[in-house]
file final08.cif (mmCIF, C-alpha atoms and all ligand atoms)
data_protein
#
loop_
_atom_site.label_atom_id
_atom_site.label_comp_id
_atom_site.auth_asym_id
_atom_site.auth_seq_id
_atom_site.Cartn_x
_atom_site.Cartn_y
_atom_site.Cartn_z
CA MET P 1 -48.31 -216.71 -17.35
CA ILE P 2 -44.57 -217.09 -17.59
CA PHE P 3 -42.40 -214.48 -15.89
CA ASN P 4 -38.72 -213.56 -16.22
CA ASN P 5 -37.10 -216.42 -14.35
CA ARG P 6 -34.27 -214.17 -13.08
CA LEU P 7 -36.92 -212.75 -10.73
CA ASN P 8 -37.10 -216.13 -8.97
CA ASN P 9 -33.69 -215.53 -7.42
CA ILE P 10 -34.54 -212.05 -6.22
CA SER P 11 -36.60 -211.32 -3.15
CA GLU P 12 -38.84 -208.36 -2.52
CA TYR P 13 -36.86 -205.21 -1.59
CA HIS P 14 -36.11 -205.63 2.11
CA PHE P 15 -37.29 -202.18 3.17
CA GLN P 16 -40.65 -202.84 1.56
CA LYS P 17 -40.99 -205.89 3.85
CA LEU P 18 -39.95 -203.81 6.87
CA GLU P 19 -42.57 -201.21 5.98
CA MET P 20 -45.27 -203.92 6.20
CA ILE P 21 -43.98 -205.19 9.56
CA LYS P 22 -44.01 -201.61 10.86
CA LYS P 23 -47.57 -201.04 9.63
CA GLU P 24 -48.78 -204.23 11.37
CA ALA P 25 -47.05 -203.25 14.63
CA LEU P 26 -48.52 -199.73 14.53
CA LYS P 27 -51.98 -201.15 13.80
CA SER P 28 -51.77 -203.22 16.96
CA GLY P 29 -51.10 -200.01 18.92
CA LYS P 30 -47.37 -200.63 19.52
CA LYS P 31 -45.05 -197.65 19.93
CA ILE P 32 -42.36 -197.94 17.30
CA ILE P 33 -39.02 -196.23 16.69
CA ASP P 34 -37.73 -196.86 13.19
CA LEU P 35 -33.94 -197.02 12.99
CA SER P 36 -33.89 -199.06 9.80
CA ILE P 37 -33.98 -197.28 6.46
CA GLY P 38 -31.55 -194.46 5.63
CA ASP P 39 -34.20 -191.77 5.28
CA PRO P 40 -33.14 -188.67 7.25
CA ASP P 41 -35.59 -187.20 9.78
CA LEU P 42 -34.11 -183.70 9.34
CA PRO P 43 -36.03 -180.96 7.47
CA VAL P 44 -35.37 -179.70 3.96
CA GLU P 45 -33.88 -176.18 4.06
CA ASN P 46 -36.39 -173.44 3.32
CA GLU P 47 -34.34 -172.05 0.39
CA ILE P 48 -34.67 -175.42 -1.36
CA ILE P 49 -38.44 -175.53 -0.91
CA GLN P 50 -38.81 -171.91 -2.08
CA ALA P 51 -36.77 -172.66 -5.22
CA LEU P 52 -39.05 -175.62 -5.94
CA ILE P 53 -42.18 -173.47 -5.55
CA GLU P 54 -40.78 -170.56 -7.59
CA SER P 55 -39.78 -172.93 -10.40
CA LEU P 56 -43.41 -173.94 -10.81
CA LYS P 57 -43.93 -170.45 -12.26
CA LEU P 58 -41.42 -171.05 -15.08
CA LYS P 59 -42.87 -171.10 -18.60
CA ASN P 60 -41.92 -174.66 -19.52
CA PHE P 61 -41.81 -176.22 -16.08
CA ASN P 62 -44.27 -178.96 -17.08
CA LYS P 63 -42.46 -180.08 -20.24
CA TYR P 64 -40.29 -183.16 -20.68
CA PRO P 65 -36.96 -182.19 -19.14
CA PRO P 66 -33.72 -182.70 -21.11
CA TYR P 67 -32.58 -186.33 -20.77
CA GLU P 68 -29.15 -185.36 -19.48
CA GLY P 69 -30.51 -182.79 -17.01
CA ILE P 70 -30.77 -178.99 -17.21
CA GLU P 71 -27.51 -177.20 -17.95
CA GLU P 72 -27.80 -174.94 -14.87
CA LEU P 73 -27.76 -177.97 -12.55
CA LYS P 74 -24.86 -179.57 -14.42
CA LYS P 75 -22.95 -176.29 -14.06
CA ALA P 76 -23.78 -176.14 -10.33
CA ILE P 77 -22.36 -179.68 -9.90
CA ILE P 78 -19.23 -178.71 -11.88
CA LYS P 79 -18.79 -175.71 -9.54
CA TYR P 80 -19.30 -177.93 -6.48
CA TYR P 81 -16.64 -180.44 -7.65
CA LYS P 82 -14.20 -177.60 -8.35
CA GLU P 83 -14.72 -175.83 -5.03
CA VAL P 84 -14.93 -178.86 -2.75
CA PHE P 85 -12.69 -181.42 -4.48
CA SER P 86 -10.58 -179.25 -6.86
CA VAL P 87 -11.78 -181.49 -9.70
CA GLU P 88 -12.42 -179.93 -13.14
CA LEU P 89 -15.40 -181.33 -15.02
CA GLN P 90 -16.93 -180.56 -18.42
CA LEU P 91 -20.64 -180.63 -19.23
CA ASN P 92 -20.31 -184.00 -21.00
CA GLU P 93 -18.85 -185.46 -17.81
CA VAL P 94 -22.03 -184.84 -15.79
CA LEU P 95 -25.41 -186.57 -16.00
CA ILE P 96 -28.44 -185.75 -13.86
CA LEU P 97 -30.31 -188.79 -12.49
CA ILE P 98 -33.67 -189.56 -10.91
CA GLY P 99 -31.85 -190.47 -7.70
CA SER P 100 -28.50 -192.27 -7.74
CA LYS P 101 -30.30 -195.65 -7.50
CA GLU P 102 -31.44 -195.06 -11.08
CA GLY P 103 -27.85 -194.62 -12.24
CA ILE P 104 -26.61 -197.64 -10.29
CA ASN P 105 -29.16 -199.78 -12.09
CA ASN P 106 -28.61 -198.28 -15.55
CA ILE P 107 -24.82 -198.38 -15.44
CA ILE P 108 -24.98 -202.18 -15.45
CA PRO P 109 -26.35 -202.59 -19.00
CA ALA P 110 -24.35 -199.50 -20.02
CA ILE P 111 -21.14 -201.43 -19.33
CA CYS P 112 -22.01 -205.14 -19.22
CA ASP P 113 -23.32 -207.84 -21.51
CA ILE P 114 -25.38 -210.75 -20.24
CA GLY P 115 -23.05 -213.21 -18.51
CA ASP P 116 -20.36 -210.64 -17.70
CA TYR P 117 -18.93 -210.21 -14.19
CA VAL P 118 -19.13 -207.26 -11.80
CA ILE P 119 -17.11 -207.20 -8.58
CA THR P 120 -19.34 -206.03 -5.73
CA PRO P 121 -18.39 -205.66 -2.08
CA ILE P 122 -20.18 -207.58 0.64
CA PRO P 123 -21.77 -206.45 2.86
CA SER P 124 -23.15 -203.66 0.68
CA TYR P 125 -26.15 -201.67 -0.48
CA PRO P 126 -28.27 -204.56 -1.84
CA VAL P 127 -29.13 -202.79 -5.11
CA TYR P 128 -25.68 -203.50 -6.64
CA LYS P 129 -26.06 -207.26 -6.65
CA THR P 130 -29.79 -207.40 -7.26
CA CYS P 131 -29.65 -205.12 -10.31
CA CYS P 132 -26.69 -207.06 -11.75
CA HIS P 133 -28.68 -210.29 -11.42
CA LEU P 134 -31.78 -208.67 -12.94
CA TRP P 135 -29.71 -207.71 -15.99
CA GLY P 136 -28.31 -211.25 -16.27
CA VAL P 137 -24.89 -210.15 -15.02
CA ASN P 138 -22.87 -212.27 -12.55
CA THR P 139 -21.37 -210.84 -9.40
CA TYR P 140 -18.17 -211.71 -7.58
CA ASP P 141 -18.40 -211.13 -3.82
CA LEU P 142 -15.53 -209.00 -2.60
CA PRO P 143 -15.55 -209.47 1.18
CA LEU P 144 -15.11 -206.58 3.59
CA PHE P 145 -13.82 -207.53 7.03
CA GLU P 146 -13.72 -205.54 10.24
CA LYS P 147 -10.05 -206.49 10.78
CA ASN P 148 -9.30 -204.54 7.56
CA SER P 149 -11.51 -201.60 8.57
CA TYR P 150 -14.03 -202.84 6.00
CA LEU P 151 -11.74 -202.01 3.09
CA PRO P 152 -11.36 -204.75 0.44
CA GLN P 153 -8.11 -206.51 -0.43
CA PHE P 154 -7.71 -206.42 -4.20
CA ASN P 155 -4.75 -208.80 -4.20
CA LYS P 156 -7.12 -211.54 -3.00
CA ILE P 157 -9.33 -211.30 -6.11
CA PRO P 158 -8.52 -214.38 -8.25
CA LYS P 159 -6.88 -213.60 -11.59
CA GLU P 160 -9.61 -215.46 -13.46
CA ILE P 161 -12.17 -213.08 -11.91
CA SER P 162 -10.26 -209.87 -12.62
CA ASN P 163 -9.69 -211.09 -16.19
CA LYS P 164 -13.38 -211.48 -16.87
CA SER P 165 -14.79 -208.58 -14.78
CA LYS P 166 -16.08 -205.47 -16.52
CA MET P 167 -16.80 -203.28 -13.50
CA LEU P 168 -16.04 -202.88 -9.80
CA ILE P 169 -18.45 -201.05 -7.51
CA LEU P 170 -17.23 -199.34 -4.37
CA ASN P 171 -19.03 -197.29 -1.76
CA TYR P 172 -17.20 -195.10 0.76
CA PRO P 173 -18.26 -193.72 3.20
CA ASN P 174 -19.75 -197.18 3.39
CA ASN P 175 -23.27 -198.38 3.84
CA PRO P 176 -23.81 -200.44 6.05
CA THR P 177 -20.50 -200.34 8.01
CA GLY P 178 -19.82 -196.60 8.30
CA ALA P 179 -16.22 -197.23 7.14
CA ILE P 180 -14.36 -194.50 5.27
CA ALA P 181 -11.58 -194.71 2.68
CA ASN P 182 -8.45 -192.58 2.46
CA SER P 183 -6.49 -191.21 -0.49
CA ASP P 184 -3.99 -194.14 -0.58
CA PHE P 185 -6.84 -196.60 -0.84
CA TYR P 186 -8.42 -194.69 -3.74
CA LYS P 187 -5.06 -194.48 -5.56
CA ASP P 188 -4.56 -198.26 -5.17
CA VAL P 189 -8.00 -199.20 -6.43
CA ILE P 190 -7.70 -196.87 -9.44
CA LYS P 191 -4.37 -198.55 -10.29
CA TYR P 192 -5.88 -202.04 -9.86
CA CYS P 193 -8.83 -201.25 -12.15
CA ALA P 194 -6.65 -199.57 -14.81
CA LYS P 195 -4.29 -202.57 -14.83
CA ASN P 196 -7.17 -205.02 -15.24
CA ASN P 197 -9.24 -202.91 -17.64
CA ILE P 198 -12.15 -202.72 -15.19
CA VAL P 199 -14.55 -199.77 -14.97
CA LEU P 200 -14.41 -198.34 -11.46
CA CYS P 201 -17.68 -197.01 -10.18
CA ASN P 202 -17.71 -195.24 -6.82
CA ASP P 203 -21.04 -194.77 -5.10
CA GLY P 204 -20.48 -191.53 -3.20
CA ALA P 205 -23.97 -191.27 -1.70
CA TYR P 206 -22.48 -190.45 1.72
CA ASN P 207 -19.43 -188.43 0.59
CA GLU P 208 -20.56 -185.47 2.69
CA ILE P 209 -21.65 -187.45 5.74
CA ILE P 210 -18.43 -187.69 7.68
CA LYS P 211 -17.20 -186.26 10.98
CA GLU P 212 -17.29 -182.49 11.33
CA GLY P 213 -13.91 -180.99 10.45
CA GLU P 214 -12.81 -183.96 8.30
CA LYS P 215 -12.09 -183.46 4.60
CA THR P 216 -14.57 -185.02 2.21
CA LEU P 217 -13.07 -187.02 -0.68
CA SER P 218 -14.18 -187.85 -4.20
CA ILE P 219 -12.58 -190.68 -6.16
CA LEU P 220 -12.17 -188.26 -9.07
CA GLN P 221 -9.50 -186.36 -7.11
CA PHE P 222 -7.17 -189.31 -7.63
CA ASP P 223 -8.30 -190.30 -11.11
CA GLU P 224 -5.88 -188.30 -13.26
CA LYS P 225 -6.90 -190.01 -16.49
CA LYS P 226 -10.63 -189.66 -15.70
CA GLN P 227 -11.43 -193.31 -16.19
CA CYS P 228 -13.84 -193.70 -13.28
CA ILE P 229 -17.38 -192.72 -12.57
CA GLU P 230 -18.86 -191.49 -9.32
CA PHE P 231 -22.49 -191.32 -8.26
CA GLY P 232 -23.78 -188.57 -5.99
CA THR P 233 -27.14 -187.77 -4.47
CA PHE P 234 -29.08 -184.95 -2.86
CA SER P 235 -31.00 -187.53 -0.78
CA LYS P 236 -28.75 -187.92 2.23
CA ILE P 237 -26.92 -184.66 3.04
CA TYR P 238 -29.85 -182.43 1.94
CA ASN P 239 -32.64 -184.68 3.33
CA MET P 240 -34.20 -184.83 -0.13
CA THR P 241 -34.83 -188.59 -0.46
CA GLY P 242 -38.35 -188.10 -1.84
CA PHE P 243 -37.23 -185.54 -4.45
CA ARG P 244 -35.41 -188.32 -6.35
CA ILE P 245 -32.45 -186.37 -7.63
CA GLY P 246 -28.86 -187.49 -8.03
CA TYR P 247 -26.06 -187.43 -10.59
CA ALA P 248 -23.18 -189.29 -12.19
CA VAL P 249 -19.82 -187.61 -12.89
CA GLY P 250 -16.61 -188.79 -14.51
CA ASN P 251 -15.48 -190.45 -17.73
CA SER P 252 -17.37 -188.95 -20.68
CA ASN P 253 -17.61 -192.27 -22.58
CA ILE P 254 -19.23 -193.95 -19.59
CA ILE P 255 -21.56 -190.97 -19.15
CA ARG P 256 -22.54 -191.20 -22.83
CA SER P 257 -23.24 -194.92 -22.54
CA LEU P 258 -25.30 -194.35 -19.38
CA LEU P 259 -27.27 -191.62 -21.14
CA LYS P 260 -27.97 -193.99 -24.03
CA ILE P 261 -29.68 -196.39 -21.62
CA LYS P 262 -31.37 -193.61 -19.66
CA SER P 263 -32.79 -191.82 -22.70
CA ASN P 264 -34.29 -195.09 -23.92
CA VAL P 265 -35.91 -196.12 -20.65
CA ASP P 266 -36.93 -192.86 -18.91
CA SER P 267 -36.69 -189.05 -19.05
CA GLY P 268 -35.02 -186.36 -16.98
CA GLN P 269 -36.20 -185.41 -13.50
CA PHE P 270 -39.04 -182.83 -13.15
CA ILE P 271 -37.52 -179.39 -13.91
CA PRO P 272 -38.53 -177.66 -10.60
CA ILE P 273 -36.83 -180.46 -8.65
CA GLN P 274 -33.64 -179.78 -10.60
CA TYR P 275 -33.88 -176.08 -9.63
CA ALA P 276 -34.37 -177.12 -6.01
CA ALA P 277 -31.14 -179.15 -6.27
CA ILE P 278 -29.28 -176.08 -7.59
CA GLU P 279 -30.43 -174.18 -4.51
CA ALA P 280 -29.16 -177.01 -2.28
CA LEU P 281 -25.69 -176.63 -3.81
CA LYS P 282 -25.83 -172.88 -3.22
CA LEU P 283 -26.23 -173.35 0.54
CA ASN P 284 -23.25 -172.19 2.53
CA ARG P 285 -20.84 -174.96 3.65
CA THR P 286 -21.90 -174.18 7.23
CA TYR P 287 -25.06 -176.12 6.35
CA VAL P 288 -23.01 -179.27 5.68
CA ASN P 289 -21.13 -178.79 8.96
CA LYS P 290 -24.38 -178.37 10.85
CA ILE P 291 -25.66 -181.71 9.52
CA ARG P 292 -22.36 -183.47 10.27
CA LYS P 293 -22.49 -182.15 13.84
CA ILE P 294 -25.98 -183.58 14.34
CA TYR P 295 -24.92 -187.05 13.15
CA ASP P 296 -21.69 -186.82 15.19
CA GLU P 297 -23.74 -186.23 18.32
CA ARG P 298 -26.08 -189.13 17.56
CA ARG P 299 -23.19 -191.46 16.62
CA THR P 300 -21.31 -190.72 19.85
CA ALA P 301 -24.43 -191.15 22.01
CA VAL P 302 -25.39 -194.48 20.41
CA LYS P 303 -21.86 -195.88 20.55
CA GLU P 304 -21.76 -195.14 24.27
CA ILE P 305 -25.06 -196.94 24.86
CA LEU P 306 -23.96 -199.93 22.78
CA GLU P 307 -20.74 -200.15 24.77
CA ASN P 308 -22.69 -200.05 28.05
CA HIS P 309 -24.95 -202.84 26.80
CA ASN P 310 -22.09 -205.08 25.60
CA ILE P 311 -23.09 -204.82 21.96
CA HIS P 312 -20.06 -204.85 19.70
CA PHE P 313 -20.02 -202.28 16.88
CA PHE P 314 -17.60 -201.03 14.24
CA ASP P 315 -16.15 -197.66 15.15
CA GLY P 316 -16.90 -196.07 11.76
CA GLU P 317 -16.90 -192.34 11.19
CA GLY P 318 -18.90 -192.01 8.00
CA THR P 319 -22.58 -192.24 6.96
CA PHE P 320 -25.40 -192.19 9.50
CA TYR P 321 -25.24 -195.94 10.18
CA ILE P 322 -23.71 -198.05 12.92
CA TRP P 323 -22.86 -201.66 12.06
CA CYS P 324 -23.30 -203.90 15.09
CA LYS P 325 -22.80 -207.53 16.00
CA THR P 326 -25.81 -209.37 17.43
CA PRO P 327 -25.12 -210.28 21.05
CA ASN P 328 -25.29 -213.75 22.62
CA LYS P 329 -25.18 -215.65 19.34
CA PHE P 330 -28.59 -214.37 18.31
CA THR P 331 -29.06 -214.66 14.55
CA THR P 332 -29.78 -211.33 12.90
CA GLU P 333 -33.44 -212.26 12.40
CA GLN P 334 -33.90 -213.41 16.01
CA PHE P 335 -32.27 -210.28 17.39
CA CYS P 336 -34.15 -207.87 15.13
CA GLU P 337 -37.41 -209.59 16.07
CA GLU P 338 -36.50 -209.35 19.77
CA LEU P 339 -35.83 -205.62 19.39
CA LEU P 340 -39.16 -205.09 17.66
CA ILE P 341 -41.33 -207.22 19.94
CA LYS P 342 -39.74 -206.29 23.30
CA TYR P 343 -38.73 -202.67 22.67
CA GLY P 344 -40.55 -201.51 19.53
CA ILE P 345 -37.22 -200.81 17.78
CA ILE P 346 -36.86 -201.52 14.06
CA VAL P 347 -33.30 -201.97 12.79
CA THR P 348 -32.06 -203.57 9.58
CA PRO P 349 -30.95 -207.21 9.78
CA GLY P 350 -27.42 -207.82 8.49
CA ILE P 351 -28.69 -210.40 6.04
CA THR P 352 -30.11 -207.55 3.95
CA PHE P 353 -26.55 -206.60 3.01
CA SER P 354 -25.04 -210.06 2.57
CA GLU P 355 -25.83 -213.66 3.36
CA PHE P 356 -22.57 -213.65 5.33
CA SER P 357 -23.80 -210.97 7.74
CA LYS P 358 -26.13 -213.23 9.69
CA GLU P 359 -24.67 -212.04 13.00
CA TYR P 360 -24.93 -208.32 12.32
CA PHE P 361 -27.51 -205.58 12.24
CA ARG P 362 -27.49 -201.92 11.20
CA ILE P 363 -28.73 -198.97 13.22
CA SER P 364 -29.69 -195.88 11.26
CA LEU P 365 -29.21 -192.59 13.12
CA THR P 366 -32.21 -191.00 11.45
CA GLN P 367 -34.19 -190.02 14.54
CA ASP P 368 -33.77 -187.30 17.10
CA THR P 369 -30.89 -187.97 19.57
CA GLY P 370 -33.15 -187.85 22.66
CA LYS P 371 -35.59 -190.33 21.14
CA ILE P 372 -32.85 -192.75 20.10
CA VAL P 373 -31.11 -192.53 23.47
CA ASN P 374 -34.30 -193.02 25.51
CA THR P 375 -35.26 -196.08 23.52
CA LEU P 376 -31.86 -197.76 23.33
CA ASN P 377 -31.24 -197.19 27.05
CA LYS P 378 -34.17 -199.50 27.76
CA LEU P 379 -32.27 -202.47 26.29
CA GLU P 380 -31.12 -205.14 28.72
CA ILE P 381 -27.38 -205.62 29.27
CA PHE P 382 -26.32 -208.54 27.11
C1 LIG Q 401 -25.02 -196.66 -0.70
C2 LIG Q 401 -26.23 -196.05 -1.30
N1 LIG Q 401 -26.19 -195.68 -2.59
C3 LIG Q 401 -27.24 -195.15 -3.20
C4 LIG Q 401 -28.43 -194.95 -2.52
C5 LIG Q 401 -29.61 -194.41 -3.30
O1 LIG Q 401 -29.83 -193.08 -3.05
P1 LIG Q 401 -30.81 -192.22 -3.97
O2 LIG Q 401 -31.38 -193.13 -5.01
O3 LIG Q 401 -31.86 -191.71 -3.04
O4 LIG Q 401 -29.98 -191.15 -4.58
C6 LIG Q 401 -28.53 -195.32 -1.18
C7 LIG Q 401 -29.80 -195.16 -0.46
O5 LIG Q 401 -30.00 -195.63 0.62
C8 LIG Q 401 -27.40 -195.88 -0.56
O6 LIG Q 401 -27.41 -196.25 0.72
#

call {"tool": "encode", "arguments": {"input": "final08.cif", "output": "structure tokens", "more": "lines below"}}
Ligand SMILES: Cc1ncc(COP(=O)(O)O)c(C=O)c1O
result
Amino acid sequence: MIFNNRLNNISEYHFQKLEMIKKEALKSGKKIIDLSIGDPDLPVENEIIQALIESLKLKNFNKYPPYEGIEELKKAIIKYYKEVFSVELQLNEVLILIGSKEGINNIIPAICDIGDYVITPIPSYPVYKTCCHLWGVNTYDLPLFEKNSYLPQFNKIPKEISNKSKMLILNYPNNPTGAIANSDFYKDVIKYCAKNNIVLCNDGAYNEIIKEGEKTLSILQFDEKKQCIEFGTFSKIYNMTGFRIGYAVGNSNIIRSLLKIKSNVDSGQFIPIQYAAIEALKLNRTYVNKIRKIYDERRTAVKEILENHNIHFFDGEGTFYIWCKTPNKFTTEQFCEELLIKYGIIVTPGITFSEFSKEYFRISLTQDTGKIVNTLNKLEIF
């Protein structure tokens, strides 16, 4: 048998490997605390579950859903963007997705031909680069450094790269560093992309997961000509990872192109799940504050422990991740193995996010504060 040879350069999805390691450790009777994948431990609000159940009574709940998503959910997203970001959207500027990961994959062939270039930050959510390579698209690594608060420097991108790049992917609040972007940064990157005729795609998966009291931002607030696209998800802030529901908003031509791919390769999300998402958006904003408060408490507690144990970390304020440096010149693999074997802690090795992050690891704050604190306090002082 002869397989697609682009697969040879792609490894198994890292979190699938971690799942196997965890299973083995649990089988051997080891107590494990999983601080690796970004899958919230918090419950789904009752209103969301009730909406899902009630929607199963609808006449056509079992039918193929519309490819672009049900109009009620698109309208709920339009209302959300207006109320929270003061951004006006039309129905043809919204597309419902089976999780934002689906859209991140499908936007690549929607914009790029084989051999084209996409500028992707490193470190970053591994799906950007992997999916580009699967589609035969090249990537240019745009480095993010701690000294620049993990924001990229566009003036360092060589002219020959900007000339041949079709798309730039950004993600703030940032996975894995926890960095956030401000309005000046968004204005600059929009200008850079417009000047170089590059499609700007902002992955806003963690837009709502910032410090309590801070103002959440969408790139569309600064995109007067509506040339960009932004992905959003119900996975993180509403603890709905398994529901697989997300969306893309922004430039109607990009949305149309994305829908062309989507309608040829899959269908819309199950209708009751779309009604559950509408209910999520109807929750009072106090819900969002409650979640932010929980992650604030966990973030503060973990940062204090890391400081006490001489583990360097980036003082980010977004997402539910903390990006840390491995102590004592451990490589990321050695240190992650040490944490698992000695303390039963699973974290994500930095190498998952870039081959240049061999001295980093990521802690996910997706366990109860007490549990995280008790476990991390057992670490030796490095
Ligand atoms: C930066 C980022 N974008 C997108 C996603 C995908 O989210 P979903 O497909 O659940 O909407 C994740 C999930 O971890 C993520 O970290």

call {"tool": "residues_near_ligand", "arguments": {"input": "final08.cif", "ligand": "ligand LIG 401 (chain Q)", "cutoff": "8 Å", "atoms": "only C-alpha atoms and all ligand atoms", "output": "ChimeraX atom specification"}}
result
/P:37-39,98-102,104,124-125,171,174-176,203-206,231-236,240-242,244-246

call {"tool": "residues_around", "arguments": {"input": "final08.cif", "residues": "region 374-377 of chain P", "least_positions_apart": "4", "cutoff": "9 Å", "atoms": "only C-alpha atoms", "output": "VMD selection string"}}
result
chain P and resid 33 302 305 to 306 309 343 to 345 369 to 370

call {"tool": "closest_residue", "arguments": {"input": "final08.cif", "among": "P:Ala277, P:Ile294, P:Cys324, P:Leu365", "to": "Val44 (chain P)", "atoms": "only C-alpha atoms"}}
result
P:Ala277

call {"tool": "axis_aligned_box", "arguments": {"input": "final08.cif", "around": "region 148-153 of chain P", "padding_each_side": "5 Å", "output": "AutoDock Vina command-line options"}}
result
--center_x -11.1 --center_y -204.1 --center_z 4.1 --size_x 15.9 --size_y 14.9 --size_z 19.0

call {"tool": "atom_distance", "arguments": {"input": "final08.cif", "atom1": "CA of Ile107 (chain P)", "atom2": "CA of Ile210 (chain P)"}}
result
26.3 Å

call {"tool": "closest_residue", "arguments": {"input": "final08.cif", "among": "P:Phe270, P:Tyr238, P:Phe320, P:Phe243", "to": "Val288 (chain P)", "atoms": "all atoms listed in the file"}}
result
P:Tyr238

call {"tool": "atom_distance", "arguments": {"input": "final08.cif", "atom1": "CA of Pro349 (chain P)", "atom2": "CA of Ser218 (chain P)"}}
result
29.2 Å

call {"tool": "closest_residue", "arguments": {"input": "final08.cif", "among": "P:Asn182, P:Thr177, P:Gln227, P:Thr300", "to": "Gly318 (chain P)", "atoms": "all atoms listed in the file"}}
result
P:Thr177

call {"tool": "closest_residue", "arguments": {"input": "final08.cif", "among": "P:Glu93, P:Lys211, P:Lys225, P:Tyr80", "to": "Lys290 (chain P)", "atoms": "only C-alpha atoms"}}
result
P:Lys211

call {"tool": "atom_distance", "arguments": {"input": "final08.cif", "atom1": "CA of Ile77 (chain P)", "atom2": "CA of Asp184 (chain P)"}}
result
25.2 Å

call {"tool": "residues_near_point", "arguments": {"input": "final08.cif", "point": "(-44.9, -199.7, 19.6)", "cutoff": "10 Å", "atoms": "all atoms listed in the file", "output": "short mmCIF file (atom, residue, chain, number, x, y, z; two decimals) with C-alpha atoms, keeping the file's coordinate frame"}}
result
data_model
loop_
_atom_site.label_atom_id
_atom_site.label_comp_id
_atom_site.auth_asym_id
_atom_site.auth_seq_id
_atom_site.Cartn_x
_atom_site.Cartn_y
_atom_site.Cartn_z
CA LYS P 22 -44.01 -201.61 10.86
CA ALA P 25 -47.05 -203.25 14.63
CA LEU P 26 -48.52 -199.73 14.53
CA LYS P 27 -51.98 -201.15 13.80
CA SER P 28 -51.77 -203.22 16.96
CA GLY P 29 -51.10 -200.01 18.92
CA LYS P 30 -47.37 -200.63 19.52
CA LYS P 31 -45.05 -197.65 19.93
CA ILE P 32 -42.36 -197.94 17.30
CA ILE P 33 -39.02 -196.23 16.69
CA LEU P 340 -39.16 -205.09 17.66
CA ILE P 341 -41.33 -207.22 19.94
CA LYS P 342 -39.74 -206.29 23.30
CA TYR P 343 -38.73 -202.67 22.67
CA GLY P 344 -40.55 -201.51 19.53
CA ILE P 345 -37.22 -200.81 17.78
CA ILE P 346 -36.86 -201.52 14.06
#

call {"tool": "residues_around", "arguments": {"input": "final08.cif", "residues": "region 128-130 of chain P", "least_positions_apart": "6", "cutoff": "12 Å", "atoms": "all atoms listed in the file", "output": "number ranges by chain"}}
result
P: 6-14, 100-108, 117-122, 136-142, 167-171, 175, 201-203, 352-355

call {"tool": "write_last_selection", "arguments": {"input": "final08.cif", "atoms": "C-alpha atoms", "output": "compact mmCIF listing (two decimals), keeping the file's coordinate frame"}}
result
# COMPACT_ATOMS: atom_id res chain seq x y z
CA ARG P 6 -34.27 -214.17 -13.08
CA LEU P 7 -36.92 -212.75 -10.73
CA ASN P 8 -37.10 -216.13 -8.97
CA ASN P 9 -33.69 -215.53 -7.42
CA ILE P 10 -34.54 -212.05 -6.22
CA SER P 11 -36.60 -211.32 -3.15
CA GLU P 12 -38.84 -208.36 -2.52
CA TYR P 13 -36.86 -205.21 -1.59
CA HIS P 14 -36.11 -205.63 2.11
CA SER P 100 -28.50 -192.27 -7.74
CA LYS P 101 -30.30 -195.65 -7.50
CA GLU P 102 -31.44 -195.06 -11.08
CA GLY P 103 -27.85 -194.62 -12.24
CA ILE P 104 -26.61 -197.64 -10.29
CA ASN P 105 -29.16 -199.78 -12.09
CA ASN P 106 -28.61 -198.28 -15.55
CA ILE P 107 -24.82 -198.38 -15.44
CA ILE P 108 -24.98 -202.18 -15.45
CA TYR P 117 -18.93 -210.21 -14.19
CA VAL P 118 -19.13 -207.26 -11.80
CA ILE P 119 -17.11 -207.20 -8.58
CA THR P 120 -19.34 -206.03 -5.73
CA PRO P 121 -18.39 -205.66 -2.08
CA ILE P 122 -20.18 -207.58 0.64
CA GLY P 136 -28.31 -211.25 -16.27
CA VAL P 137 -24.89 -210.15 -15.02
CA ASN P 138 -22.87 -212.27 -12.55
CA THR P 139 -21.37 -210.84 -9.40
CA TYR P 140 -18.17 -211.71 -7.58
CA ASP P 141 -18.40 -211.13 -3.82
CA LEU P 142 -15.53 -209.00 -2.60
CA MET P 167 -16.80 -203.28 -13.50
CA LEU P 168 -16.04 -202.88 -9.80
CA ILE P 169 -18.45 -201.05 -7.51
CA LEU P 170 -17.23 -199.34 -4.37
CA ASN P 171 -19.03 -197.29 -1.76
CA ASN P 175 -23.27 -198.38 3.84
CA CYS P 201 -17.68 -197.01 -10.18
CA ASN P 202 -17.71 -195.24 -6.82
CA ASP P 203 -21.04 -194.77 -5.10
CA THR P 352 -30.11 -207.55 3.95
CA PHE P 353 -26.55 -206.60 3.01
CA SER P 354 -25.04 -210.06 2.57
CA GLU P 355 -25.83 -213.66 3.36

call {"tool": "build_atoms", "arguments": {"input": "final08.cif", "residues": "region 342-346 of chain P", "atoms": "N, CA and C atoms", "output": "compact mmCIF listing (two decimals), in the coordinates of the input"}}
result
# COMPACT_ATOMS: atom_id res chain seq x y z
N LYS P 342 -39.94 -206.71 21.90
CA LYS P 342 -39.74 -206.29 23.30
C LYS P 342 -39.67 -204.78 23.45
N TYR P 343 -39.03 -204.10 22.47
CA TYR P 343 -38.73 -202.67 22.67
C TYR P 343 -39.34 -201.75 21.60
N GLY P 344 -39.96 -202.34 20.59
CA GLY P 344 -40.55 -201.51 19.53
C GLY P 344 -39.50 -200.83 18.66
N ILE P 345 -38.30 -201.42 18.58
CA ILE P 345 -37.22 -200.81 17.78
C ILE P 345 -37.08 -201.58 16.46
N ILE P 346 -37.11 -200.86 15.35
CA ILE P 346 -36.86 -201.52 14.06
C ILE P 346 -35.46 -201.15 13.60
